Structures are given as structure tokens and as C-alpha cells.
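Structure file start-v3.cif; described as mmCIF, C-alpha atoms.
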```
data_model
#
loop_
_atom_site.label_atom_id
_atom_site.label_comp_id
_atom_site.auth_asym_id
_atom_site.auth_seq_id
_atom_site.Cartn_x
_atom_site.Cartn_y
_atom_site.Cartn_z
CA MET M 34 6.36 23.58 -8.87
CA THR M 35 4.68 22.45 -12.07
CA ARG M 36 1.75 20.06 -11.78
CA LEU M 37 1.75 17.85 -14.86
CA ALA M 38 -1.02 15.54 -16.04
CA VAL M 39 -0.12 11.85 -15.62
CA ASP M 40 -1.10 9.48 -18.43
CA LEU M 41 -4.06 7.53 -17.01
CA ALA M 42 -2.48 4.22 -18.08
CA LYS M 43 0.35 4.97 -15.66
CA ALA M 44 -1.66 6.64 -12.89
CA THR M 45 -1.44 3.64 -10.55
CA ARG M 46 2.34 4.04 -10.46
CA LEU M 47 1.81 7.03 -8.20
CA LEU M 48 0.56 4.62 -5.50
CA ASN M 49 2.46 1.48 -6.41
CA HIS M 50 5.26 1.96 -3.89
CA GLY M 51 2.83 2.33 -0.99
CA PRO M 52 2.90 5.99 0.09
CA THR M 53 0.68 7.36 2.83
CA VAL M 54 -2.02 9.57 1.25
CA LEU M 55 -4.34 12.42 2.14
CA VAL M 56 -7.97 11.83 1.15
CA SER M 57 -9.74 15.06 0.21
CA SER M 58 -13.49 15.20 -0.17
CA ALA M 59 -16.27 17.72 -0.65
CA HIS M 60 -20.04 17.93 -0.68
CA ALA M 61 -22.36 20.92 -0.83
CA GLY M 62 -19.48 23.34 -0.35
CA ARG M 63 -18.06 21.55 2.69
CA HIS M 64 -14.46 20.33 2.35
CA ASN M 65 -12.32 17.96 4.39
CA VAL M 66 -8.94 16.22 4.24
CA MET M 67 -7.83 13.20 6.26
CA SER M 68 -4.72 11.07 6.10
CA ALA M 69 -4.91 7.37 5.22
CA ALA M 70 -2.19 4.74 5.25
CA TRP M 71 -4.49 2.11 3.78
CA SER M 72 -4.78 2.66 0.03
CA MET M 73 -3.52 0.79 -3.03
CA PRO M 74 -3.98 0.45 -6.80
CA LEU M 75 -6.70 -1.95 -7.90
CA ASP M 76 -6.49 -2.00 -11.70
CA PHE M 77 -4.52 -0.52 -14.62
CA GLU M 78 -6.97 0.43 -17.38
CA PRO M 79 -9.10 2.13 -16.53
CA PRO M 80 -7.03 2.87 -13.44
CA LYS M 81 -8.74 2.05 -10.17
CA VAL M 82 -7.80 2.36 -6.53
CA ALA M 83 -8.93 1.02 -3.15
CA VAL M 84 -8.93 2.98 0.11
CA VAL M 85 -10.26 2.39 3.63
CA ILE M 86 -12.41 5.25 5.02
CA ASP M 87 -13.71 4.71 8.55
CA LYS M 88 -17.41 5.24 9.29
CA ALA M 89 -16.62 7.64 12.14
CA THR M 90 -14.99 10.23 9.86
CA LEU M 91 -16.37 13.37 8.26
CA THR M 92 -14.58 12.23 5.10
CA ARG M 93 -16.83 9.17 5.02
CA GLU M 94 -19.93 11.36 5.19
CA LEU M 95 -18.68 13.56 2.34
CA VAL M 96 -17.59 10.61 0.17
CA ASP M 97 -20.86 8.78 0.76
CA ALA M 98 -22.75 11.93 -0.28
CA SER M 99 -20.62 12.92 -3.29
CA GLY M 100 -19.29 9.59 -4.59
CA GLU M 101 -15.94 11.27 -5.17
CA PHE M 102 -12.57 11.89 -3.52
CA VAL M 103 -8.98 12.78 -4.32
CA LEU M 104 -5.96 10.79 -3.14
CA ASN M 105 -3.17 13.31 -2.56
CA ILE M 106 0.40 12.10 -1.97
CA PRO M 107 2.09 14.37 0.60
CA GLN M 108 5.78 15.21 0.49
CA ALA M 109 7.99 14.45 3.49
CA ALA M 110 7.98 18.12 4.48
CA MET M 111 4.25 17.65 5.23
CA ALA M 112 4.78 14.88 7.81
CA GLN M 113 3.45 16.90 10.73
CA ALA M 114 0.36 18.03 8.81
CA THR M 115 -0.18 14.43 7.68
CA LEU M 116 -0.10 13.19 11.28
CA ARG M 117 -2.47 15.95 12.41
CA LEU M 118 -4.92 15.30 9.57
CA GLY M 119 -5.11 11.69 10.70
CA ARG M 120 -5.63 12.45 14.38
CA GLU M 121 -8.11 15.35 14.27
CA SER M 122 -11.59 14.99 12.88
CA GLY M 123 -13.31 17.61 10.76
CA ARG M 124 -16.38 16.84 12.87
CA ASP M 125 -14.80 18.10 16.09
CA GLN M 126 -12.52 20.70 14.51
CA PRO M 127 -14.40 22.76 11.91
CA ASP M 128 -11.15 24.68 11.26
CA LYS M 129 -9.16 21.46 10.84
CA LEU M 130 -7.75 22.41 7.42
CA ALA M 131 -6.60 25.84 8.53
CA ARG M 132 -4.99 24.37 11.66
CA SER M 133 -2.95 22.02 9.48
CA GLY M 134 -2.02 24.74 6.98
CA ILE M 135 -3.90 22.97 4.18
CA GLN M 136 -4.81 24.92 1.03
CA LEU M 137 -6.91 23.38 -1.71
CA ASP M 138 -6.69 23.93 -5.46
CA HIS M 139 -9.52 23.08 -7.85
CA ALA M 140 -9.52 19.60 -9.32
CA SER M 141 -10.47 18.93 -12.96
CA ARG M 142 -13.13 16.24 -12.64
CA VAL M 143 -14.35 16.21 -9.03
CA GLN M 144 -15.51 18.73 -6.43
CA ALA M 145 -12.93 17.59 -3.86
CA GLY M 146 -9.81 19.74 -3.85
CA LEU M 147 -6.17 19.06 -4.67
CA VAL M 148 -4.03 19.57 -1.55
CA ARG M 149 -1.38 22.16 -2.37
CA GLY M 150 2.21 21.05 -1.74
CA CYS M 151 1.57 17.39 -2.44
CA ILE M 152 3.61 15.53 -5.10
CA GLY M 153 0.84 13.42 -6.68
CA TRP M 154 -2.94 13.58 -7.01
CA LEU M 155 -5.56 11.06 -8.20
CA GLU M 156 -9.10 12.34 -8.82
CA CYS M 157 -11.46 9.43 -8.15
CA ARG M 158 -15.11 8.44 -8.53
CA VAL M 159 -16.49 5.64 -6.32
CA LEU M 160 -17.50 2.46 -8.19
CA PRO M 161 -20.92 0.82 -7.69
CA THR M 162 -19.16 -2.40 -6.61
CA SER M 163 -18.01 -0.56 -3.50
CA ALA M 164 -21.46 -1.04 -2.02
CA ALA M 165 -20.69 -4.66 -1.10
CA VAL M 166 -17.53 -3.81 0.89
CA ALA M 167 -18.09 -0.26 2.18
CA GLY M 168 -20.53 -1.47 4.83
CA PRO M 169 -18.65 -4.44 6.28
CA HIS M 170 -15.07 -3.21 5.65
CA ASP M 171 -15.16 0.60 5.20
CA LEU M 172 -13.52 -0.17 1.84
CA PHE M 173 -14.01 2.10 -1.17
CA LEU M 174 -13.19 1.09 -4.73
CA ALA M 175 -12.93 3.93 -7.23
CA GLU M 176 -11.98 4.76 -10.79
CA VAL M 177 -9.24 7.32 -11.35
CA LEU M 178 -10.62 10.05 -13.64
CA ALA M 179 -7.53 12.28 -13.73
CA ALA M 180 -4.04 12.16 -12.23
CA TRP M 181 -1.36 14.77 -11.64
CA ALA M 182 2.18 14.87 -10.35
CA ASP M 183 4.89 17.33 -9.38
CA GLU M 184 7.27 17.09 -12.31
CA ARG M 185 10.28 17.53 -10.05
CA VAL M 186 9.72 14.01 -8.69
CA PHE M 187 7.46 12.16 -11.18
CA ARG M 188 8.14 12.20 -14.93
CA ASP M 189 7.74 9.75 -17.82
CA GLY M 190 5.69 7.37 -15.72
CA HIS M 191 8.29 6.99 -12.96
CA TRP M 192 9.13 8.55 -9.64
CA HIS M 193 12.53 10.28 -9.60
CA PHE M 194 12.98 10.94 -5.89
CA GLU M 195 16.72 10.44 -6.23
CA ASP M 196 17.02 13.64 -8.30
CA ALA M 197 15.15 15.87 -5.85
CA PRO M 198 15.61 17.24 -2.33
CA ASP M 199 14.77 14.81 0.52
CA GLU M 200 11.76 16.85 1.61
CA LEU M 201 10.04 15.99 -1.70
CA SER M 202 10.14 12.25 -0.89
CA SER M 203 6.94 10.33 -0.25
CA LEU M 204 5.94 9.38 3.32
CA HIS M 205 5.26 5.87 4.58
CA TYR M 206 3.50 5.71 7.93
CA VAL M 207 3.92 2.98 10.54
CA ALA M 208 2.17 4.12 13.76
CA GLY M 209 2.51 6.54 16.68
CA GLY M 210 4.03 9.40 14.68
CA HIS M 211 6.63 7.04 13.16
CA PHE M 212 7.09 7.51 9.40
CA TYR M 213 9.68 6.45 6.87
CA ARG M 214 10.75 8.48 3.87
CA VAL M 215 11.21 6.59 0.63
CA GLY M 216 14.88 5.70 0.18
CA PRO M 217 17.31 4.96 -2.65
CA ALA M 218 16.22 3.58 -6.03
CA LEU M 219 17.12 0.03 -7.03
CA GLU M 220 17.13 -0.86 -10.72
CA VAL M 221 16.86 -4.61 -11.22
CA GLU M 222 17.23 -6.64 -14.42
CA LEU M 223 16.54 -10.32 -14.88
CA MET Y 228 17.80 -14.59 12.04
CA THR Y 229 15.13 -15.08 14.68
CA ARG Y 230 11.52 -15.13 13.54
CA LEU Y 231 9.39 -13.72 16.32
CA ALA Y 232 5.60 -13.85 16.65
CA VAL Y 233 3.99 -10.42 16.13
CA ASP Y 234 1.10 -9.48 18.44
CA LEU Y 235 -1.99 -9.79 16.22
CA ALA Y 236 -3.22 -6.34 17.34
CA LYS Y 237 -0.11 -4.88 15.67
CA ALA Y 238 0.13 -7.20 12.69
CA THR Y 239 -1.12 -4.60 10.20
CA ARG Y 240 1.93 -2.46 11.02
CA LEU Y 241 3.98 -4.88 8.95
CA LEU Y 242 2.13 -3.63 5.85
CA ASN Y 243 1.28 -0.10 6.90
CA HIS Y 244 4.23 1.56 5.14
CA GLY Y 245 3.35 -0.04 1.80
CA PRO Y 246 6.00 -2.69 1.08
CA THR Y 247 5.87 -4.94 -1.96
CA VAL Y 248 4.96 -8.47 -0.87
CA LEU Y 249 5.30 -12.05 -2.01
CA VAL Y 250 2.06 -14.04 -1.94
CA SER Y 251 2.63 -17.70 -1.15
CA SER Y 252 -0.12 -20.25 -1.62
CA ALA Y 253 -0.63 -24.00 -1.58
CA HIS Y 254 -3.26 -26.59 -2.38
CA ALA Y 255 -3.06 -30.36 -2.50
CA GLY Y 256 0.70 -30.31 -2.12
CA ARG Y 257 1.28 -27.78 -4.90
CA HIS Y 258 3.04 -24.57 -3.83
CA ASN Y 259 3.54 -21.22 -5.53
CA VAL Y 260 4.87 -17.73 -4.77
CA MET Y 261 4.18 -14.54 -6.74
CA SER Y 262 5.06 -10.94 -6.04
CA ALA Y 263 2.35 -8.33 -5.56
CA ALA Y 264 2.64 -4.57 -5.19
CA TRP Y 265 -1.07 -4.19 -4.51
CA SER Y 266 -1.78 -5.11 -0.90
CA MET Y 267 -2.75 -3.14 2.21
CA PRO Y 268 -4.16 -3.47 5.72
CA LEU Y 269 -7.95 -3.49 5.97
CA ASP Y 270 -8.69 -3.63 9.70
CA PHE Y 271 -6.96 -3.74 13.11
CA GLU Y 272 -8.78 -6.27 15.30
CA PRO Y 273 -9.04 -8.86 14.15
CA PRO Y 274 -6.34 -7.83 11.70
CA LYS Y 275 -7.38 -8.04 8.06
CA VAL Y 276 -5.66 -7.36 4.75
CA ALA Y 277 -6.60 -6.79 1.11
CA VAL Y 278 -4.58 -8.00 -1.89
CA VAL Y 279 -5.13 -8.11 -5.65
CA ILE Y 280 -4.55 -11.56 -7.24
CA ASP Y 281 -5.04 -11.68 -11.01
CA LYS Y 282 -7.26 -14.40 -12.52
CA ALA Y 283 -4.48 -15.47 -14.90
CA THR Y 284 -2.14 -16.59 -12.11
CA LEU Y 285 -1.49 -20.01 -10.60
CA THR Y 286 -1.62 -18.26 -7.22
CA ARG Y 287 -5.25 -17.38 -7.91
CA GLU Y 288 -6.06 -21.02 -8.61
CA LEU Y 289 -4.38 -22.13 -5.36
CA VAL Y 290 -5.98 -19.37 -3.26
CA ASP Y 291 -9.42 -20.04 -4.73
CA ALA Y 292 -9.00 -23.74 -3.89
CA SER Y 293 -7.50 -23.37 -0.41
CA GLY Y 294 -8.97 -20.10 0.88
CA GLU Y 295 -5.56 -19.26 2.35
CA PHE Y 296 -2.33 -17.44 1.57
CA VAL Y 297 0.68 -15.86 3.24
CA LEU Y 298 1.87 -12.31 2.61
CA ASN Y 299 5.67 -12.38 2.89
CA ILE Y 300 7.63 -9.11 3.02
CA PRO Y 301 10.90 -9.52 1.10
CA GLN Y 302 14.12 -7.82 2.13
CA ALA Y 303 15.93 -5.56 -0.35
CA ALA Y 304 18.51 -8.27 -1.00
CA MET Y 305 15.66 -10.25 -2.62
CA ALA Y 306 14.83 -7.58 -5.24
CA GLN Y 307 15.83 -9.73 -8.21
CA ALA Y 308 13.86 -12.74 -6.95
CA THR Y 309 10.89 -10.44 -6.28
CA LEU Y 310 10.97 -9.15 -9.85
CA ARG Y 311 11.27 -12.68 -11.26
CA LEU Y 312 8.42 -13.99 -9.10
CA GLY Y 313 6.20 -11.27 -10.56
CA ARG Y 314 7.15 -11.89 -14.18
CA GLU Y 315 7.19 -15.68 -14.39
CA SER Y 316 4.10 -17.77 -13.86
CA GLY Y 317 4.05 -21.04 -11.97
CA ARG Y 318 1.79 -22.26 -14.79
CA ASP Y 319 4.48 -21.93 -17.45
CA GLN Y 320 7.46 -22.59 -15.17
CA PRO Y 321 6.83 -25.57 -12.90
CA ASP Y 322 10.29 -24.99 -11.38
CA LYS Y 323 9.59 -21.30 -10.78
CA LEU Y 324 10.43 -21.40 -7.07
CA ALA Y 325 13.75 -23.19 -7.59
CA ARG Y 326 14.69 -20.77 -10.40
CA SER Y 327 14.16 -17.86 -8.01
CA GLY Y 328 16.02 -19.52 -5.15
CA ILE Y 329 12.89 -19.64 -3.01
CA GLN Y 330 12.77 -21.96 0.00
CA LEU Y 331 9.62 -22.38 2.06
CA ASP Y 332 9.27 -22.98 5.79
CA HIS Y 333 6.12 -24.36 7.40
CA ALA Y 334 3.53 -21.82 8.54
CA SER Y 335 1.60 -22.25 11.79
CA ARG Y 336 -2.02 -21.87 10.66
CA VAL Y 337 -2.10 -22.35 6.87
CA GLN Y 338 -0.74 -24.77 4.30
CA ALA Y 339 1.00 -22.03 2.30
CA GLY Y 340 4.68 -21.65 3.17
CA LEU Y 341 6.70 -18.86 4.74
CA VAL Y 342 9.30 -17.61 2.25
CA ARG Y 343 12.72 -17.94 3.87
CA GLY Y 344 14.78 -14.74 3.96
CA CYS Y 345 11.77 -12.43 4.20
CA ILE Y 346 11.47 -9.91 7.06
CA GLY Y 347 7.74 -10.22 7.80
CA TRP Y 348 4.99 -12.82 7.29
CA LEU Y 349 1.19 -12.68 7.62
CA GLU Y 350 -0.71 -15.98 7.53
CA CYS Y 351 -4.16 -15.23 6.10
CA ARG Y 352 -7.56 -16.86 5.55
CA VAL Y 353 -9.87 -15.44 2.86
CA LEU Y 354 -13.07 -13.82 4.17
CA PRO Y 355 -16.51 -14.73 2.78
CA THR Y 356 -17.07 -11.06 1.86
CA SER Y 357 -14.32 -11.47 -0.76
CA ALA Y 358 -16.83 -13.18 -3.01
CA ALA Y 359 -18.38 -9.85 -4.03
CA VAL Y 360 -15.08 -8.31 -5.18
CA ALA Y 361 -12.91 -11.26 -6.25
CA GLY Y 362 -14.85 -11.67 -9.48
CA PRO Y 363 -15.06 -8.07 -10.71
CA HIS Y 364 -11.80 -6.78 -9.18
CA ASP Y 365 -9.52 -9.77 -8.43
CA LEU Y 366 -9.59 -8.43 -4.88
CA PHE Y 367 -9.16 -10.72 -1.86
CA LEU Y 368 -10.02 -9.71 1.69
CA ALA Y 369 -8.56 -11.91 4.40
CA GLU Y 370 -8.14 -12.24 8.14
CA VAL Y 371 -4.61 -12.46 9.53
CA LEU Y 372 -4.38 -15.62 11.67
CA ALA Y 373 -0.71 -15.35 12.64
CA ALA Y 374 2.09 -12.89 11.97
CA TRP Y 375 5.86 -13.10 12.23
CA ALA Y 376 8.82 -10.78 11.79
CA ASP Y 377 12.60 -10.84 11.67
CA GLU Y 378 13.51 -9.36 15.05
CA ARG Y 379 16.52 -7.59 13.55
CA VAL Y 380 14.14 -5.14 11.81
CA PHE Y 381 10.73 -5.39 13.57
CA ARG Y 382 10.41 -5.32 17.37
CA ASP Y 383 7.89 -3.95 19.89
CA GLY Y 384 5.33 -3.27 17.16
CA HIS Y 385 7.61 -1.08 15.05
CA TRP Y 386 9.99 -1.45 12.14
CA HIS Y 387 13.60 -0.58 13.03
CA PHE Y 388 15.19 -0.48 9.59
CA GLU Y 389 17.53 2.29 10.72
CA ASP Y 390 19.34 -0.13 13.07
CA ALA Y 391 19.96 -2.82 10.46
CA PRO Y 392 21.98 -3.27 7.25
CA ASP Y 393 20.45 -1.72 4.10
CA GLU Y 394 19.81 -5.12 2.53
CA LEU Y 395 17.25 -5.85 5.28
CA SER Y 396 15.09 -2.87 4.20
CA SER Y 397 11.67 -3.41 2.69
CA LEU Y 398 11.13 -3.03 -1.08
CA HIS Y 399 8.65 -0.68 -2.75
CA TYR Y 400 8.02 -1.42 -6.42
CA VAL Y 401 7.18 1.16 -9.09
CA ALA Y 402 7.38 -0.57 -12.52
CA GLY Y 403 9.86 -1.93 -15.06
CA GLY Y 404 12.34 -3.32 -12.53
CA HIS Y 405 12.35 0.02 -10.67
CA PHE Y 406 12.15 -0.35 -6.88
CA TYR Y 407 12.79 1.89 -3.92
CA ARG Y 408 14.19 0.80 -0.60
CA VAL Y 409 12.57 2.26 2.48
CA GLY Y 410 14.57 5.26 3.68
CA PRO Y 411 15.26 7.14 6.92
CA ALA Y 412 12.79 7.19 9.81
CA LEU Y 413 10.94 10.40 10.71
CA GLU Y 414 9.54 10.76 14.22
CA VAL Y 415 6.81 13.40 14.32
CA GLU Y 416 5.07 14.91 17.36
CA LEU Y 417 2.08 17.22 17.33
#
```

Output the structure of this file as C-alpha cells.
Amino acid sequence: MTRLAVDLAKATRLLNHGPTVLVSSAHAGRHNVMSAAWSMPLDFEPPKVAVVIDKATLTRELVDASGEFVLNIPQAAMAQATLRLGRESGRDQPDKLARSGIQLDHASRVQAGLVRGCIGWLECRVLPTSAAVAGPHDLFLAEVLAAWADERVFRDGHWHFEDAPDELSSLHYVAGGHFYRVGPALEVEL
Amino acid sequence: MTRLAVDLAKATRLLNHGPTVLVSSAHAGRHNVMSAAWSMPLDFEPPKVAVVIDKATLTRELVDASGEFVLNIPQAAMAQATLRLGRESGRDQPDKLARSGIQLDHASRVQAGLVRGCIGWLECRVLPTSAAVAGPHDLFLAEVLAAWADERVFRDGHWHFEDAPDELSSLHYVAGGHFYRVGPALEVEL
């Protein structure tokens, strides 16, 4: 796998089709990863994203303390780890990452790690405007400082799932362990 | 097609897997529909959603005036209309809806219409907390007042795309006329 830098002007395309993500975070040497179905792009240039991070989570504590996180896009082969990372809390399970087989690589702009085996990564810094919505809605707004993708499935600003094995597809969570993989491409002209 | 009411406690599941939506809006008898890739659930009970609505759009004018909108989930057969509804503005094209073949049915709780042929619908009222983020980020936070789904593909709180024809799948937009259809289901147990 080669992890290629994604042009920041096209970074939101990693999230545009609505994949489930893993939110990685770190503060004072403590790392965590949780899954999140509720994230989306918020702006193009500079690229920004929005993500919901519940108050009860260790991730929330680490993001509140550091002002940073990474949105990692897991491949379909990581469906079980993705489910587990959403159900277990790093508060109750100090070895949560090991139990889910998660390994972290260093990011370029933030302390939070890049989850190995994912197909896309967005390194993010929380925006001051988050303050108004983090309290009432657990909603974080952040600028994307750097973005990366697995070149087997994302090149030239577009996903190319149709050229890769099914297990490299993105995951789209519904509920109760029920996911969808992304399906066939449709090219539409007006 | 039978449009069934979705239990409000499960309404966010319509959006959880990240489909591209159509935002319908109305004020003083004027109706519009635009496509939006940037929406997500925000809370379970009461169900809430977040969606980005650019200041340049007629939809923004109608949502600002009415405080309401509907998120409609188009089926794959509506990919061309979805692309057109994102590229043309109701400001420049007063006959935008007719040009895209859009027909609206009455909603139950809001003035905005339900786009016929879609597979899911969320009738929404803008929350006061939106005021802090609508200006800087074009971001609207809203409560879901009623939700509906095409029973051929959403029953018992879950999507069932695998039991229906491909054209009833949800759409997931990337950029430049490039969409994905939702793919096969994955059932994961821990």
C-alpha cells in the first residue's frame, strides 16, 4: 500500500460519499480510536469537516484537550474492528486498540495517529466556532490540515473502488452491526 | 410504492450510511429542490440532522424565511436529476423543478414538499442553535418532525437494498458527475 498526499482542495471528496469513519485522537501520550457514522464535509477551501463526538467518550476528552483529531476511512475488511471501536470505550477498556488490532502511524500535522489499513485519512484541527455547537450538540467543526489516501482506491481526486478488490471498499453503517459496502460507480452527464 | 411512516427514534438511520440527499424547501408558495452531499444525523431522540446550504442558493433564501426543509433520499434511477438539481439554481431557472422532472407531494408537518420517487424523507424544522453556525459555515441544524420511507427498501428500522432492484439503491456522490450506488450488505457480529 502506498499512502499518497491528497490535494487539500480535493480533500473533502474523501468524505463526500458518506463513509463511516474512525476518529483517532491523542493527548499527553494517550491515544484512542472510536468509530463514527456521523461526519461530513463542511467546506472546500480551506477544507473543513463536521463530526459528532459524544460527551461520554474518551475521544471527546482527548479532542477537547488537544483540539485535534484524524478522520480515518476504514476499508470493508475492517468492518468488525469498526463495530468494536464503536461499542467499546477507551475509558472502560484501556487496551481497546490492541483488542481491535489497531496500529497507529504518525500523522504529519497532529499528534493523533493514522490508523493503519485505512484507505483515507484527514488530519484535522478544531475550529473556534465549534464552541457554540460542541456543548449543545456534541458537534465539532474542524479544518483539514493534511489528507492522505491509499492510491489503490483514490487517485486524481476520485475514488476508484471499481478497480480494486471488494475488501478495499468504504463502509457505510446503518445500525446493529448492519453495514453496506460502497457499490458500483455511476457516471452521469447532463 | 407505499410510503410508510418511520418511527422517529429510528429516523436517523435513513441518513446513517451517508446518502446524497435532495433538500426541498418552500416559502410563500414558492418551492425549490437542490441536491446536497453534505448532510448527516446529529442526534437520536429527538432525531436531529445537520446539512450545509450555501448562501448563494434559492434554497437558502427559502429555508431562512420558513425555518423548514425536507431531506429527500433519491433512488439511483434519479442520478441525472440529482446532478441537475445540484448544478442549476432556482434563481436562474424558474422552471428548474419541471426541467428535472420533479413532482412534489404534500408533507405532513412542513410546507416544503416530498420529492416523488425518492426512497426516504425527513421533514425538518431548523433549530435556534443554527444561528451560530449558519453565518460562518452555511450549516443548518434541524429537528426531524416526521420521517417516511419506501417500504420496498426500508422496513423495521433498516434499509433492505439487497431485496430490491438496483435502481432503488441510494446514491453517494463524489464529484464531477461521479456517483456510487450503495453496495452489498455486511452483517457483523462481535

### Query
Any idea which chain M residues end up within 7 Å of chain Y if we count only C-alpha atoms, as a count of residues only please?
33

### Task
Determine the nearest neighbour of Y:Ala376 from the options Y:Ala292, Y:Leu298, Y:Val250, Y:Ala255, counting all atoms listed in the file.
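Checking each candidate against Y:Ala376, we get Y:Leu298 as the closest.
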
### Query
From the set Y:Leu349, Y:Ala373, Y:Val260, Y:Arg382, which residue has the shortest atom-to-atom contact distance to Y:Gly328, counting all atoms listed in the file?
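Closest candidate: Y:Val260.
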
### Message
With the PyMOL selection byres ((chain Y and resi 335) around 9) as the selection, what would be picked from this file? Answer as a list in words, please.
### Response
His333, Ala334, Arg336, Val337, Gln338, Glu350, Leu372 and Ala373 of chain Y

### Task
Calculate how many Å separate atom CA of Y:Thr286 from atom CA of Y:Ala339, rounding to one decimal.
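Separation of atom CA of Y:Thr286 and atom CA of Y:Ala339: 10.6 Å.
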
### Residue IDs satisfying the PyMOL selection byres ((chain Y and resi 378) around 12), as a list in words
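Taken over the shown coordinates, the PyMOL selection byres ((chain Y and resi 378) around 12) returns Met228, Thr229, Arg230, Leu231, Ala232, Val233, Cys345, Ile346, Gly347, Trp375, Ala376, Asp377, Arg379, Val380, Phe381, Arg382, Asp383, Gly384, His385, Trp386, His387, Phe388, Asp390, Ala391 and Leu395 of chain Y.
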
### Residue contacts of Y:Gly344 (9 Å, all atoms listed in the file) excluding same-chain residues fewer than 5 positions away, as JSON, numbers by chain
{"Y": [228, 301, 302, 304, 305, 329, 330, 377]}

For the residues selected in the previous step, produce a file with C-alpha atoms as a short mmCIF file (atom, residue, chain, number, x, y, z; two decimals), in the coordinates of the input.
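Result saved to selection08.cif:
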```cif
data_model
loop_
_atom_site.label_atom_id
_atom_site.label_comp_id
_atom_site.auth_asym_id
_atom_site.auth_seq_id
_atom_site.Cartn_x
_atom_site.Cartn_y
_atom_site.Cartn_z
CA MET Y 228 17.80 -14.59 12.04
CA PRO Y 301 10.90 -9.52 1.10
CA GLN Y 302 14.12 -7.82 2.13
CA ALA Y 304 18.51 -8.27 -1.00
CA MET Y 305 15.66 -10.25 -2.62
CA ILE Y 329 12.89 -19.64 -3.01
CA GLN Y 330 12.77 -21.96 0.00
CA ASP Y 377 12.60 -10.84 11.67
#
```

### Query
How far is it from atom CA of M:Ile106 to atom CA of M:Leu147, in Å with one decimal?
9.9 Å

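Pairwise distance (atom CA of M:Pro198, atom CA of M:Cys157) equals 28.8 Å.
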
### Task
Apply the PyMOL selection byres ((chain Y and resi 352) around 6) to the file shown and report the selected residues as a list in words.
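Matching residues under the PyMOL selection byres ((chain Y and resi 352) around 6) are Gly294, Glu295, Cys351, Val353, Ala369 and Glu370 of chain Y.
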
Go ahead and fit an axis-aligned box to every listed atom of stretch 60-71 of chain M plus 8 Å each side, and pass me the centre and edge lengths in Å, one decimal, as JSON.
```
{"center_x": -12.3, "center_y": 12.7, "center_z": 2.7, "size_x": 36.2, "size_y": 37.2, "size_z": 23.1}
```

I'd like the neighbourhood of M:Leu91 as a JSON list (two decimals) with C-alpha atoms, keeping the file's coordinate frame, where a residue qualifies if any of its atoms comes within 7 Å (using only C-alpha atoms), though same-chain residues fewer than 6 positions away should be ignored.
```json
[["chain", "number", "residue", "atom", "x", "y", "z"],
["M", 122, "SER", "CA", -11.59, 14.99, 12.88],
["M", 123, "GLY", "CA", -13.31, 17.61, 10.76],
["M", 124, "ARG", "CA", -16.38, 16.84, 12.87]]
```

Only C-alpha atoms, as an mmCIF file, in the first residue's frame: that is what I want for stretch 111-162 of chain M.
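Result went into result.cif, see below:
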```cif
data_model
loop_
_atom_site.group_PDB
_atom_site.id
_atom_site.type_symbol
_atom_site.label_atom_id
_atom_site.label_comp_id
_atom_site.auth_asym_id
_atom_site.auth_seq_id
_atom_site.Cartn_x
_atom_site.Cartn_y
_atom_site.Cartn_z
ATOM 1 C CA MET M 111 -12.073 -3.674 8.903
ATOM 2 C CA ALA M 112 -15.840 -3.948 9.487
ATOM 3 C CA GLN M 113 -15.529 -5.996 12.669
ATOM 4 C CA ALA M 114 -12.885 -3.671 14.144
ATOM 5 C CA THR M 115 -15.055 -0.693 13.172
ATOM 6 C CA LEU M 116 -18.044 -2.152 15.026
ATOM 7 C CA ARG M 117 -15.931 -2.942 18.080
ATOM 8 C CA LEU M 118 -14.353 0.527 18.152
ATOM 9 C CA GLY M 119 -17.848 1.990 18.260
ATOM 10 C CA ARG M 120 -19.147 -0.268 21.023
ATOM 11 C CA GLU M 121 -16.205 -0.358 23.454
ATOM 12 C CA SER M 122 -14.971 2.721 25.252
ATOM 13 C CA GLY M 123 -11.322 3.517 25.834
ATOM 14 C CA ARG M 124 -12.432 4.531 29.330
ATOM 15 C CA ASP M 125 -13.531 1.020 30.281
ATOM 16 C CA GLN M 126 -11.057 -0.858 28.082
ATOM 17 C CA PRO M 127 -7.563 0.625 28.395
ATOM 18 C CA ASP M 128 -6.362 -1.993 25.864
ATOM 19 C CA LYS M 129 -9.158 -1.135 23.431
ATOM 20 C CA LEU M 130 -6.825 -0.502 20.469
ATOM 21 C CA ALA M 131 -4.912 -3.740 20.923
ATOM 22 C CA ARG M 132 -8.171 -5.700 21.253
ATOM 23 C CA SER M 133 -9.310 -4.323 17.905
ATOM 24 C CA GLY M 134 -5.944 -4.932 16.227
ATOM 25 C CA ILE M 135 -5.428 -1.204 15.654
ATOM 26 C CA GLN M 136 -1.932 0.089 14.866
ATOM 27 C CA LEU M 137 -1.207 3.791 14.548
ATOM 28 C CA ASP M 138 1.248 5.538 12.242
ATOM 29 C CA HIS M 139 2.489 9.079 12.839
ATOM 30 C CA ALA M 140 0.488 11.876 11.272
ATOM 31 C CA SER M 141 2.154 14.922 9.695
ATOM 32 C CA ARG M 142 0.381 17.816 11.416
ATOM 33 C CA VAL M 143 -1.354 16.450 14.517
ATOM 34 C CA GLN M 144 -0.499 14.215 17.471
ATOM 35 C CA ALA M 145 -3.387 11.825 16.782
ATOM 36 C CA GLY M 146 -2.336 8.776 14.793
ATOM 37 C CA LEU M 147 -3.232 7.476 11.342
ATOM 38 C CA VAL M 148 -5.000 4.110 11.652
ATOM 39 C CA ARG M 149 -3.038 1.578 9.619
ATOM 40 C CA GLY M 150 -5.053 -0.297 6.991
ATOM 41 C CA CYS M 151 -7.482 2.531 6.343
ATOM 42 C CA ILE M 152 -7.972 3.907 2.802
ATOM 43 C CA GLY M 153 -8.206 7.641 3.578
ATOM 44 C CA TRP M 154 -7.071 9.984 6.346
ATOM 45 C CA LEU M 155 -7.885 13.626 7.173
ATOM 46 C CA GLU M 156 -5.739 15.367 9.802
ATOM 47 C CA CYS M 157 -7.932 17.999 11.459
ATOM 48 C CA ARG M 158 -7.734 20.934 13.864
ATOM 49 C CA VAL M 159 -10.905 22.022 15.707
ATOM 50 C CA LEU M 160 -12.230 25.472 14.743
ATOM 51 C CA PRO M 161 -13.081 28.117 17.366
ATOM 52 C CA THR M 162 -16.652 28.239 16.012
#
```
